[in-house]
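Trainee: Pasting a structure here, questions to come.
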Amino acid sequence: KAGVTQTPRYLIKTRGQQVTLSCSPISGHRSVSWYQQTPGQGLQFLFEYFSETQRNKGNFPGRFSGRQFSNSRSEMNVSTLELGDSALYLCASSNPAGDTDTQYFGPGTRLTVL
Amino acid sequence: AQSVTQPDIHITVSEGASLELRCNYSYGATPYLFWYVQSPGQGLQLLLKYFSGDTLVQGIKGFEAEFKRSQSSFNLRKPSVHWSDAAEYFCAVGGSNDYKLSFGAGTTVTVRA
């Protein structure tokens with residue numbers, strides 16, 4: 001079974017731009033979570049979606065948003081990029097009907113803001 | 001509030017020697033505990049998890065971890081380290097139907113020949 005895939009793997013943007021990152025979960029997984037990883041703050045939870053509904057949200061500004069589609073694929077969007085948004089963005093999927101509460105991570109998208 | 005502390009930022013170990021990584025957690029309910037490993041430029045790979053039952057859990061790559069409720073700890077061990085074990089290791093805590101994992105700051109493991 002294919003793992004979690006994330007596209008693109010690398011992105012370079014400039015301050016003020018916006019960016020959209022994509023995540024395809026493991027087949028059959030309906031929950032998708034997003035995390036930001038930076039050297040200074042470590043791994044921080046952004047939000048979690050299940051059946052196209054956001055169920056859980058971390059402590060990030062409104063510039064960070066997400067959505068989930070009917071096929072469980074998810075996107076996250078960051079508007080008005082700041083230098084501090086440079087990070088590795090990780091997506092994880094889980095299967096509430098099966099291996100409950102275990103999150104499987106993708107390879108991440110490395111975002112650089114110049 | 002939930003939190004995880006990994007006291008060791010960096011550990012250097014000789015190939016073939018044993019390894020133990022420490023993890024202490026704080027969680028208001030029954031904790032679900034995880035260890036993940038991350039190689040440079042990669043995502044997180046699940047090594048093992050503890051939900052309930054036997055407090056000594058076995059994972060992939062020869063790793064094991066022991067849950068000690070009285071000490072709020074979930075330490076990771078490997079009897080004999082291989083050069084390929086050089087990576088960063090993260091301990092995480094969550095709960096039933098809690099899809100927000102809290103991670104420790106990570107421990108970087110260097111393996112010397």
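Identifiers for the structure tokens are assigned positionally: chains receive A, B, ... in sequence, residues are indexed from 1 per chain, and ligands are indexed from 1 in the order shown.
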Using only C-alpha atoms, I'd like every residue of chain A that has an atom within 12 Å of chain B; please write them out as a ChimeraX atom specification.
Mentor: /A:3-6,9-10,31-50,54-59,87-97,99-110
Trainee: I want to know what sits within 9 Å of Ala1 in chain B, based on only C-alpha atoms, with residues of the same chain fewer than 6 positions away left out; could you give that as an MDAnalysis selection string?
Mentor: chainID B and resid 26:28
Trainee: Determine, counting only C-alpha atoms, which protein, DNA and RNA residues have an atom within 8 Å of an atom of Ser80 in chain B; residues of the same chain fewer than 4 positions away are not included. Present the result as a list in words.
Mentor: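 Skipping anything fewer than 4 positions along the chain leaves Glu15, Gly16, Ala17, Ser18 and Leu19 of chain B.
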Trainee: List the spatial neighbours of Val13 in chain B as a ChimeraX atom specification - criterion: any atom at most 12 Å away, only C-alpha atoms, same-chain residues fewer than 4 positions off excluded.
Mentor: /B:17-21,78-83,85-87,108-113
Trainee: For CA of Gly62 in chain A and CA of Ile12 in chain A, determine how far apart the two atoms are, in Å to one decimal place.
Mentor: 21.2 Å
